[in-house]
Amino acid sequence: MQQMTLSALEEIMHRCAGDDESTESFQQAPERAFADLGYDSLALLETQSVIRREYGVDLSEQAVSAAETPQQLVDLVNRWLSAA
Amino acid sequence: MTTAVITGIGVAAPNGAGTENFWAATLRGESGIGPVRRFDARGYPARLGGEIDDFDPAEHLPHRLLPQTDRMTQLALTASAWALADAGVEPGTYDPGETGVTMAGAFGGFEYGQRELENLWRSGPERVSVYMSFAWFYAVNTGQLSIRHAMRGPAGVVVGDQAGGLDAVAQARRNIRKGARLMLSGGFDSSFCPYGWVARISDGTLSTDEDPRTAYLPFDRRARGQVPGEGGAVLVVEEAAAARRRGTRIYGEIAGYAATFDAAARYGGERGLGRAVEAALADAGVTAREVGVVFADGSGWPADDRAEAETIAAVFGPQGVPVTVPKTMTGRMSSGGAPVDLAGALLAMRDGLIPPTVNVRTVAPGARLDLVTGVPRPWQPGPALVLARGRGGFNSAMVLRPGTAAPGRTGAAGVTGREIPTRSGGKRHAADDTVGPGGDHA
C-alpha cells in the first residue's frame, strides 16, 4: 500500500470536518497541534474511520488521540503501512 | 423585579432571510409558500411548504461547522449572529458566565438524521458521521449557539411544538430575573425531508390544497389545514438596566407570559387558551383594552380557528382588537413560528404598522374578529399579545410592551424604537410579583 502524505491526510480531514481557509496547510505547519488547526476530537474520530476504510489501517482511538499533529498522524499511519 | 427587554432580532423565514428582508417582504404581503422543492414531495398528499431559498450556509458560517450541522442549526447560528450584531453586542460586552441560551426545538435535525440513518442501513455503521451523535438532537441549537458565542451561563431547551417558541423566550426572561445579563432565545425548525414530512402528515392537520394562495387560510371560511414552513428567529434578551447602560436600542419588553394545557378528552377536553391569555395579561399588568394587536396562532384548522376566535372575542370583545397572522406568508414553522411572530410584533411597534394576514378574504361565520387582511394597518404602538398553540394541547401567550419615553422626556419612543422602556418606581404593576400558571417564577 502506498504511503500517506500530509496533503492526503489534509484532504481526508477537510472531507470529515470541513475546510477552513484561515488556517495553515498541513504542508506549511506539519507540527502544529490539531487543536490549533481547528480540529477537535470528533474530527479525529471521523478521520480515523476514513483512514480505516481507505488505507485499511485500523488505528485504535488511543493511538489516534496520542497523535497531536498532522506529521505525527501521518507517521503513525505509515508505520502501520510499512509493517503490513 | 428585573425587567427583560429585547435588543436584537435575527430572522430567517421563507419570505426573507435576514430581519429587514423578512420584514420588508411581510409588509409587502409577499408569501414564501410554494411547491416543496428540497426533496421529491410528489408522492405525498401535502406538497406545499414555506422554504427558505436564498440561504447558503457556506456564505455565513465557518466551513468547519458545516459537516456537523443540520440546516435548522445553520439557520439558527446565522440568525444568532445577526441578532447579536443588531444588538451591538460583541465578545467582551459581558462576562461569558452572565450570558446564556434558551432555544426551542420541535423536530431537531431530521434532515441530517435521515441522511445518516440511510448511511447506516445502506453502508453500515462505519459510514455514519460521528457528528450524528449530536447534530440531529433537538437540543443541539442551544449547544451550538452557546459554543459559538461563548455564552457559558444558563442554558436550556424547550419542546412544545409551536408553543415552545414562546416558552423558550419566557425561560430567557426567568434566567434574566435570576441574574443573567443577556440571553439568546427563540426557535428554529426545518426538517424538510421525507422523514420530517411524514411526521407532519401523521398530525392530520396539513392542507392538501395545491394552490399556495388558498392552502393556508386561518380564520377564513375556506380554511382546510396548515402549510409547514422552515425557519425561525433568535432574539437578544437583555436585562433592562444593563441594556440602558450600553445605550443600545430597545425594541420592547417581555411584559407578561403564561402557559396552559388543554384538558384531555376524558376530562372534558376543555381548552386552556383563554386562561393563558388572561394570565399573561395579568402578569403584564395590561388590561385587554390596552392591547393594540394580537398575533394569533392561526392554526388553519376550522375547529381550532373557531376556538381561538372565540377566546379572542371573549377577552377583547367582538371585533375588539386588530388580529393578524403573518404566518400566512411563511407557513407554520414549528418552534420557529412564535419567535418570528415576536419579531414581527416588535417591528410593528418600531414602524407603527401591523403586518397583514394574506389571502384570507372572508372570515368564517361566527368568528367575530377584526382581522388585518390585505395590506399593513397603521397603529399607535401599544402592548402586543402573541399566541401559540402546539400539538398535544400546549397553549402559550406572551405580552410585549413597546418602549415608552423615560420620565421627563418627550417623544413617541415606541414608534421609532430608539428609546428605552422605563418603568417609573411609582407605577409598579402588581403583576410583577405574581406567578403565571406556566410556573413563571422569578
# chains A, B, ... in the order shown; residues from 1 in each chain; ligands from 1
>>> select_by_dssp(residues="segment 329-416 of chain B", states="strand (DSSP E or B)", output="PyMOL selection string")
chain B and resi 332+353-354+357+363+370-371+373+377-378+384-390+394-402
>>> write_last_selection(atoms="N, CA and C atoms", output="PDB file, in the first residue's frame")
ATOM      1  N   ARG B 332     -46.390  27.431   8.894  1.00  0.00           N
ATOM      2  CA  ARG B 332     -46.161  27.272  10.334  1.00  0.00           C
ATOM      3  C   ARG B 332     -44.794  26.631  10.563  1.00  0.00           C
ATOM      4  N   LEU B 353     -46.714  49.874  12.089  1.00  0.00           N
ATOM      5  CA  LEU B 353     -47.503  49.180  11.060  1.00  0.00           C
ATOM      6  C   LEU B 353     -47.761  47.745  11.485  1.00  0.00           C
ATOM      7  N   ILE B 354     -49.018  47.330  11.457  1.00  0.00           N
ATOM      8  CA  ILE B 354     -49.363  45.934  11.737  1.00  0.00           C
ATOM      9  C   ILE B 354     -49.299  45.157  10.419  1.00  0.00           C
ATOM     10  N   THR B 357     -52.515  39.728   7.274  1.00  0.00           N
ATOM     11  CA  THR B 357     -52.810  38.315   7.040  1.00  0.00           C
ATOM     12  C   THR B 357     -53.130  38.222   5.551  1.00  0.00           C
ATOM     13  N   VAL B 363     -63.860  36.000   6.543  1.00  0.00           N
ATOM     14  CA  VAL B 363     -63.712  35.370   7.853  1.00  0.00           C
ATOM     15  C   VAL B 363     -64.893  34.435   8.098  1.00  0.00           C
ATOM     16  N   ASP B 370     -61.529  41.251  14.151  1.00  0.00           N
ATOM     17  CA  ASP B 370     -61.063  42.350  13.297  1.00  0.00           C
ATOM     18  C   ASP B 370     -59.724  41.908  12.715  1.00  0.00           C
ATOM     19  N   LEU B 371     -59.794  41.100  11.664  1.00  0.00           N
ATOM     20  CA  LEU B 371     -58.571  40.554  11.080  1.00  0.00           C
ATOM     21  C   LEU B 371     -57.951  41.578  10.122  1.00  0.00           C
ATOM     22  N   THR B 373     -56.298  42.229   7.073  1.00  0.00           N
ATOM     23  CA  THR B 373     -56.058  41.492   5.828  1.00  0.00           C
ATOM     24  C   THR B 373     -55.538  42.429   4.745  1.00  0.00           C
ATOM     25  N   ARG B 377     -51.672  47.752   8.460  1.00  0.00           N
ATOM     26  CA  ARG B 377     -52.551  48.759   9.041  1.00  0.00           C
ATOM     27  C   ARG B 377     -51.742  49.636  10.003  1.00  0.00           C
ATOM     28  N   PRO B 378     -51.798  50.945   9.830  1.00  0.00           N
ATOM     29  CA  PRO B 378     -51.104  51.824  10.791  1.00  0.00           C
ATOM     30  C   PRO B 378     -51.739  51.715  12.175  1.00  0.00           C
ATOM     31  N   ALA B 384     -48.580  44.274  22.709  1.00  0.00           N
ATOM     32  CA  ALA B 384     -48.955  43.268  21.717  1.00  0.00           C
ATOM     33  C   ALA B 384     -49.041  41.919  22.403  1.00  0.00           C
ATOM     34  N   LEU B 385     -50.022  41.133  21.985  1.00  0.00           N
ATOM     35  CA  LEU B 385     -50.196  39.780  22.513  1.00  0.00           C
ATOM     36  C   LEU B 385     -49.856  38.789  21.408  1.00  0.00           C
ATOM     37  N   VAL B 386     -48.974  37.832  21.717  1.00  0.00           N
ATOM     38  CA  VAL B 386     -48.616  36.800  20.748  1.00  0.00           C
ATOM     39  C   VAL B 386     -49.084  35.457  21.301  1.00  0.00           C
ATOM     40  N   LEU B 387     -49.829  34.714  20.465  1.00  0.00           N
ATOM     41  CA  LEU B 387     -50.376  33.426  20.881  1.00  0.00           C
ATOM     42  C   LEU B 387     -49.747  32.290  20.086  1.00  0.00           C
ATOM     43  N   ALA B 388     -49.572  31.165  20.733  1.00  0.00           N
ATOM     44  CA  ALA B 388     -49.053  29.986  20.038  1.00  0.00           C
ATOM     45  C   ALA B 388     -49.596  28.727  20.697  1.00  0.00           C
ATOM     46  N   ARG B 389     -50.030  27.794  19.852  1.00  0.00           N
ATOM     47  CA  ARG B 389     -50.508  26.510  20.352  1.00  0.00           C
ATOM     48  C   ARG B 389     -49.698  25.392  19.719  1.00  0.00           C
ATOM     49  N   GLY B 390     -49.552  24.314  20.483  1.00  0.00           N
ATOM     50  CA  GLY B 390     -48.803  23.178  19.961  1.00  0.00           C
ATOM     51  C   GLY B 390     -49.595  21.895  20.054  1.00  0.00           C
ATOM     52  N   PHE B 394     -50.739  22.235  24.018  1.00  0.00           N
ATOM     53  CA  PHE B 394     -49.960  23.346  24.559  1.00  0.00           C
ATOM     54  C   PHE B 394     -50.595  24.690  24.173  1.00  0.00           C
ATOM     55  N   ASN B 395     -50.715  25.595  25.130  1.00  0.00           N
ATOM     56  CA  ASN B 395     -51.134  26.968  24.836  1.00  0.00           C
ATOM     57  C   ASN B 395     -50.158  27.906  25.519  1.00  0.00           C
ATOM     58  N   SER B 396     -49.644  28.881  24.769  1.00  0.00           N
ATOM     59  CA  SER B 396     -48.777  29.879  25.390  1.00  0.00           C
ATOM     60  C   SER B 396     -49.173  31.256  24.891  1.00  0.00           C
ATOM     61  N   ALA B 397     -49.026  32.235  25.775  1.00  0.00           N
ATOM     62  CA  ALA B 397     -49.357  33.620  25.440  1.00  0.00           C
ATOM     63  C   ALA B 397     -48.270  34.518  26.007  1.00  0.00           C
ATOM     64  N   MET B 398     -47.833  35.475  25.207  1.00  0.00           N
ATOM     65  CA  MET B 398     -46.808  36.409  25.670  1.00  0.00           C
ATOM     66  C   MET B 398     -47.228  37.828  25.329  1.00  0.00           C
ATOM     67  N   VAL B 399     -47.021  38.734  26.275  1.00  0.00           N
ATOM     68  CA  VAL B 399     -47.329  40.148  26.067  1.00  0.00           C
ATOM     69  C   VAL B 399     -46.015  40.920  25.956  1.00  0.00           C
ATOM     70  N   LEU B 400     -45.890  41.676  24.891  1.00  0.00           N
ATOM     71  CA  LEU B 400     -44.738  42.559  24.704  1.00  0.00           C
ATOM     72  C   LEU B 400     -45.200  43.993  24.868  1.00  0.00           C
ATOM     73  N   ARG B 401     -44.347  44.798  25.482  1.00  0.00           N
ATOM     74  CA  ARG B 401     -44.690  46.206  25.635  1.00  0.00           C
ATOM     75  C   ARG B 401     -43.639  47.030  24.894  1.00  0.00           C
ATOM     76  N   PRO B 402     -44.072  48.008  24.099  1.00  0.00           N
ATOM     77  CA  PRO B 402     -43.081  48.814  23.362  1.00  0.00           C
ATOM     78  C   PRO B 402     -42.349  49.759  24.293  1.00  0.00           C
TER      79      PRO B 402
END
>>> residues_around(residues="segment 1-18 of chain A", least_positions_apart="3", cutoff="10 Å", atoms="only C-alpha atoms", output="JSON, numbers by chain")
{"A": [21, 25, 26, 27, 28, 29, 30, 38, 39, 40, 42, 43, 44, 45, 46, 47, 48, 49, 50, 51, 54, 55, 56, 70, 71, 73, 74, 75, 76, 77, 78, 79, 80, 81, 82, 84], "B": [62, 63, 64, 65, 66, 67, 68, 129, 130, 131]}
>>> atom_distance(atom1="atom CA of Val372 of chain B", atom2="atom CA of Val325 of chain B")
8.2 Å
>>> closest_residue(among="B:Ala303, B:Val128, B:Ala150, B:Met183", to="Thr205 of chain B", atoms="only C-alpha atoms")
B:Ala303
>>> closest_atom_pairs(of="segment 55-75 of chain A", to="segment 34-37 of chain A", cutoff="12 Å", atoms="only C-alpha atoms", output="tab-separated table")
residue	atom	partner	partner_atom	distance
A:Val64	CA	A:Phe34	CA	11.4
A:Ser65	CA	A:Phe34	CA	10.1
A:Ala66	CA	A:Phe34	CA	11.1
A:Ala67	CA	A:Phe34	CA	8.9
A:Glu68	CA	A:Phe34	CA	6.0
A:Thr69	CA	A:Phe34	CA	5.4
A:Pro70	CA	A:Phe34	CA	7.0
A:Gln71	CA	A:Phe34	CA	10.2
A:Gln72	CA	A:Phe34	CA	10.3
A:Leu73	CA	A:Phe34	CA	10.0
>>> write_last_selection(atoms="N, CA, C and O atoms", output="PDB file, in the first residue's frame")
ATOM      1  N   VAL A  64      -4.716   7.205  17.994  1.00  0.00           N
ATOM      2  CA  VAL A  64      -5.039   8.418  17.247  1.00  0.00           C
ATOM      3  C   VAL A  64      -4.983   9.636  18.169  1.00  0.00           C
ATOM      4  O   VAL A  64      -4.446  10.686  17.809  1.00  0.00           O
ATOM      5  N   SER A  65      -5.514   9.504  19.367  1.00  0.00           N
ATOM      6  CA  SER A  65      -5.516  10.679  20.229  1.00  0.00           C
ATOM      7  C   SER A  65      -4.118  11.016  20.720  1.00  0.00           C
ATOM      8  O   SER A  65      -3.846  12.143  21.134  1.00  0.00           O
ATOM      9  N   ALA A  66      -3.195  10.038  20.657  1.00  0.00           N
ATOM     10  CA  ALA A  66      -1.809  10.333  21.038  1.00  0.00           C
ATOM     11  C   ALA A  66      -1.096  11.133  19.955  1.00  0.00           C
ATOM     12  O   ALA A  66      -0.097  11.809  20.232  1.00  0.00           O
ATOM     13  N   ALA A  67      -1.603  11.037  18.721  1.00  0.00           N
ATOM     14  CA  ALA A  67      -1.000  11.816  17.633  1.00  0.00           C
ATOM     15  C   ALA A  67      -1.534  13.242  17.692  1.00  0.00           C
ATOM     16  O   ALA A  67      -2.721  13.464  17.485  1.00  0.00           O
ATOM     17  N   GLU A  68      -0.672  14.182  17.999  1.00  0.00           N
ATOM     18  CA  GLU A  68      -1.152  15.542  18.253  1.00  0.00           C
ATOM     19  C   GLU A  68      -1.019  16.470  17.054  1.00  0.00           C
ATOM     20  O   GLU A  68      -1.598  17.550  17.041  1.00  0.00           O
ATOM     21  N   THR A  69      -0.240  16.060  16.050  1.00  0.00           N
ATOM     22  CA  THR A  69      -0.014  16.937  14.895  1.00  0.00           C
ATOM     23  C   THR A  69      -0.223  16.134  13.611  1.00  0.00           C
ATOM     24  O   THR A  69      -0.188  14.894  13.631  1.00  0.00           O
ATOM     25  N   PRO A  70      -0.401  16.813  12.487  1.00  0.00           N
ATOM     26  CA  PRO A  70      -0.549  16.096  11.213  1.00  0.00           C
ATOM     27  C   PRO A  70       0.640  15.171  10.937  1.00  0.00           C
ATOM     28  O   PRO A  70       0.451  14.023  10.519  1.00  0.00           O
ATOM     29  N   GLN A  71       1.861  15.656  11.202  1.00  0.00           N
ATOM     30  CA  GLN A  71       3.034  14.822  10.922  1.00  0.00           C
ATOM     31  C   GLN A  71       3.023  13.552  11.775  1.00  0.00           C
ATOM     32  O   GLN A  71       3.307  12.460  11.283  1.00  0.00           O
ATOM     33  N   GLN A  72       2.640  13.692  13.036  1.00  0.00           N
ATOM     34  CA  GLN A  72       2.619  12.514  13.913  1.00  0.00           C
ATOM     35  C   GLN A  72       1.583  11.501  13.440  1.00  0.00           C
ATOM     36  O   GLN A  72       1.819  10.290  13.491  1.00  0.00           O
ATOM     37  N   LEU A  73       0.440  11.981  12.951  1.00  0.00           N
ATOM     38  CA  LEU A  73      -0.596  11.053  12.491  1.00  0.00           C
ATOM     39  C   LEU A  73      -0.171  10.366  11.193  1.00  0.00           C
ATOM     40  O   LEU A  73      -0.353   9.161  11.014  1.00  0.00           O
TER      41      LEU A  73
END
>>> atom_distance(atom1="atom CA of Tyr94 of chain B", atom2="atom CA of Val157 of chain B")
22.1 Å
>>> closest_residue(among="B:Gly100, B:Gly10, B:Gly229, B:Gly124", to="chain A", atoms="only C-alpha atoms")
B:Gly124
>>> closest_residue(among="B:Glu126, B:Asp56, B:Glu116, B:Asp341", to="chain A", atoms="only C-alpha atoms")
B:Glu126
>>> atom_distance(atom1="atom CA of Gly187 of chain B", atom2="atom CA of Gly392 of chain B")
18.5 Å
>>> closest_residue(among="B:Gly382, B:Pro356, B:Pro154, B:Pro125", to="chain A", atoms="only C-alpha atoms")
B:Pro125
>>> residues_around(residues="Gly88 of chain B", least_positions_apart="5", cutoff="12 Å", atoms="only C-alpha atoms", output="list in words")
Thr7, Gly8, Ile9, Ala81, Trp82, Ala83, Thr93, Tyr94, Val236, Glu238, Ala243, Arg246, Gly247, Thr248, Arg249 and Ile250 of chain B
>>> select_by_dssp(residues="chain A", states="helix (DSSP H, G or I)", output="PyMOL selection string")
chain A and resi 6-17+41-55+61-66+70-83
>>> decode(residues="segment 66-185 of chain B", atoms="C-alpha atoms", output="short mmCIF file (atom, residue, chain, number, x, y, z; two decimals), in the first residue's frame")
data_model
loop_
_atom_site.label_atom_id
_atom_site.label_comp_id
_atom_site.auth_asym_id
_atom_site.auth_seq_id
_atom_site.Cartn_x
_atom_site.Cartn_y
_atom_site.Cartn_z
CA LEU B 66 -20.97 22.69 8.01
CA PRO B 67 -20.32 18.92 8.25
CA GLN B 68 -21.57 18.87 11.83
CA THR B 69 -24.81 20.85 11.47
CA ASP B 70 -28.32 20.28 10.20
CA ARG B 71 -29.95 23.03 8.21
CA MET B 72 -32.01 24.22 11.18
CA THR B 73 -28.79 24.69 13.14
CA GLN B 74 -27.13 26.53 10.25
CA LEU B 75 -30.11 28.87 10.15
CA ALA B 76 -30.09 29.36 13.93
CA LEU B 77 -26.34 30.03 14.04
CA THR B 78 -26.62 32.58 11.25
CA ALA B 79 -29.65 34.30 12.76
CA SER B 80 -27.96 34.43 16.16
CA ALA B 81 -25.02 36.35 14.66
CA TRP B 82 -27.48 38.74 13.01
CA ALA B 83 -29.29 39.26 16.31
CA LEU B 84 -26.10 39.97 18.24
CA ALA B 85 -24.90 42.38 15.56
CA ASP B 86 -28.30 44.09 15.65
CA ALA B 87 -27.97 44.47 19.42
CA GLY B 88 -24.42 45.77 19.11
CA VAL B 89 -23.15 43.02 21.40
CA GLU B 90 -19.55 41.99 20.93
CA PRO B 91 -17.29 39.49 22.65
CA GLY B 92 -16.33 41.15 25.92
CA THR B 93 -19.54 43.15 26.32
CA TYR B 94 -20.47 40.74 29.11
CA ASP B 95 -18.72 38.09 31.13
CA PRO B 96 -19.40 34.70 29.46
CA GLY B 97 -20.93 33.38 32.69
CA GLU B 98 -23.56 36.13 32.66
CA THR B 99 -24.83 35.14 29.23
CA GLY B 100 -26.78 32.09 28.12
CA VAL B 101 -29.02 30.44 25.56
CA THR B 102 -32.56 29.02 25.66
CA MET B 103 -33.86 27.79 22.32
CA ALA B 104 -36.97 25.86 21.43
CA GLY B 105 -36.99 22.87 19.11
CA ALA B 106 -39.80 20.72 17.82
CA PHE B 107 -38.20 18.24 15.43
CA GLY B 108 -34.45 18.56 15.69
CA GLY B 109 -32.21 17.93 12.70
CA PHE B 110 -34.30 15.33 10.89
CA GLU B 111 -32.70 16.01 7.52
CA TYR B 112 -29.27 15.25 8.94
CA GLY B 113 -30.64 12.29 10.84
CA GLN B 114 -32.35 10.82 7.83
CA ARG B 115 -29.16 11.05 5.76
CA GLU B 116 -27.10 9.31 8.41
CA LEU B 117 -29.72 6.62 9.02
CA GLU B 118 -29.65 5.95 5.29
CA ASN B 119 -25.86 5.65 5.53
CA LEU B 120 -26.30 3.21 8.39
CA TRP B 121 -28.66 0.89 6.54
CA ARG B 122 -27.04 1.15 3.11
CA SER B 123 -23.37 1.14 4.03
CA GLY B 124 -23.01 0.15 7.65
CA PRO B 125 -22.22 1.85 10.95
CA GLU B 126 -18.73 2.90 9.84
CA ARG B 127 -20.30 5.26 7.32
CA VAL B 128 -22.34 7.14 9.89
CA SER B 129 -20.84 10.53 10.70
CA VAL B 130 -19.57 10.95 14.24
CA TYR B 131 -21.44 14.26 14.27
CA MET B 132 -24.69 12.32 14.14
CA SER B 133 -24.10 11.96 17.88
CA PHE B 134 -25.48 15.47 18.36
CA ALA B 135 -26.39 17.05 15.02
CA TRP B 136 -29.93 15.69 14.89
CA PHE B 137 -30.69 16.16 18.59
CA TYR B 138 -33.48 18.68 19.18
CA ALA B 139 -31.33 20.35 21.87
CA VAL B 140 -28.36 20.95 19.56
CA ASN B 141 -29.11 24.57 18.71
CA THR B 142 -28.74 25.69 22.30
CA GLY B 143 -25.38 23.92 22.50
CA GLN B 144 -24.06 25.21 19.18
CA LEU B 145 -25.09 28.80 19.92
CA SER B 146 -23.55 28.58 23.37
CA ILE B 147 -20.24 27.32 21.95
CA ARG B 148 -20.15 29.72 19.02
CA HIS B 149 -20.75 32.84 21.10
CA ALA B 150 -19.00 31.64 24.29
CA MET B 151 -22.18 32.03 26.33
CA ARG B 152 -21.47 29.88 29.34
CA GLY B 153 -24.22 30.83 31.77
CA PRO B 154 -27.72 29.33 31.87
CA ALA B 155 -28.72 27.03 29.03
CA GLY B 156 -31.99 25.31 28.31
CA VAL B 157 -34.15 23.74 25.65
CA VAL B 158 -37.93 23.75 25.47
CA VAL B 159 -40.02 21.38 23.36
CA GLY B 160 -43.67 22.31 22.96
CA ASP B 161 -44.28 22.32 19.22
CA GLN B 162 -45.35 25.80 18.10
CA ALA B 163 -45.97 26.97 21.70
CA GLY B 164 -42.39 26.08 22.66
CA GLY B 165 -41.15 29.16 20.81
CA LEU B 166 -42.81 31.38 23.41
CA ASP B 167 -41.93 29.11 26.31
CA ALA B 168 -38.22 29.37 25.44
CA VAL B 169 -38.32 33.18 25.46
CA ALA B 170 -40.18 33.07 28.78
CA GLN B 171 -37.38 30.86 30.09
CA ALA B 172 -34.89 33.51 28.97
CA ARG B 173 -36.83 36.10 30.97
CA ARG B 174 -36.64 33.78 34.00
CA ASN B 175 -32.89 33.49 33.56
CA ILE B 176 -32.58 37.29 33.36
CA ARG B 177 -34.55 37.58 36.60
CA LYS B 178 -32.19 35.10 38.20
CA GLY B 179 -29.19 37.25 37.33
CA ALA B 180 -28.16 36.60 33.73
CA ARG B 181 -27.43 39.81 31.80
CA LEU B 182 -28.07 38.56 28.29
CA MET B 183 -29.81 35.54 26.78
CA LEU B 184 -30.13 34.37 23.20
CA SER B 185 -33.57 32.87 22.75
#
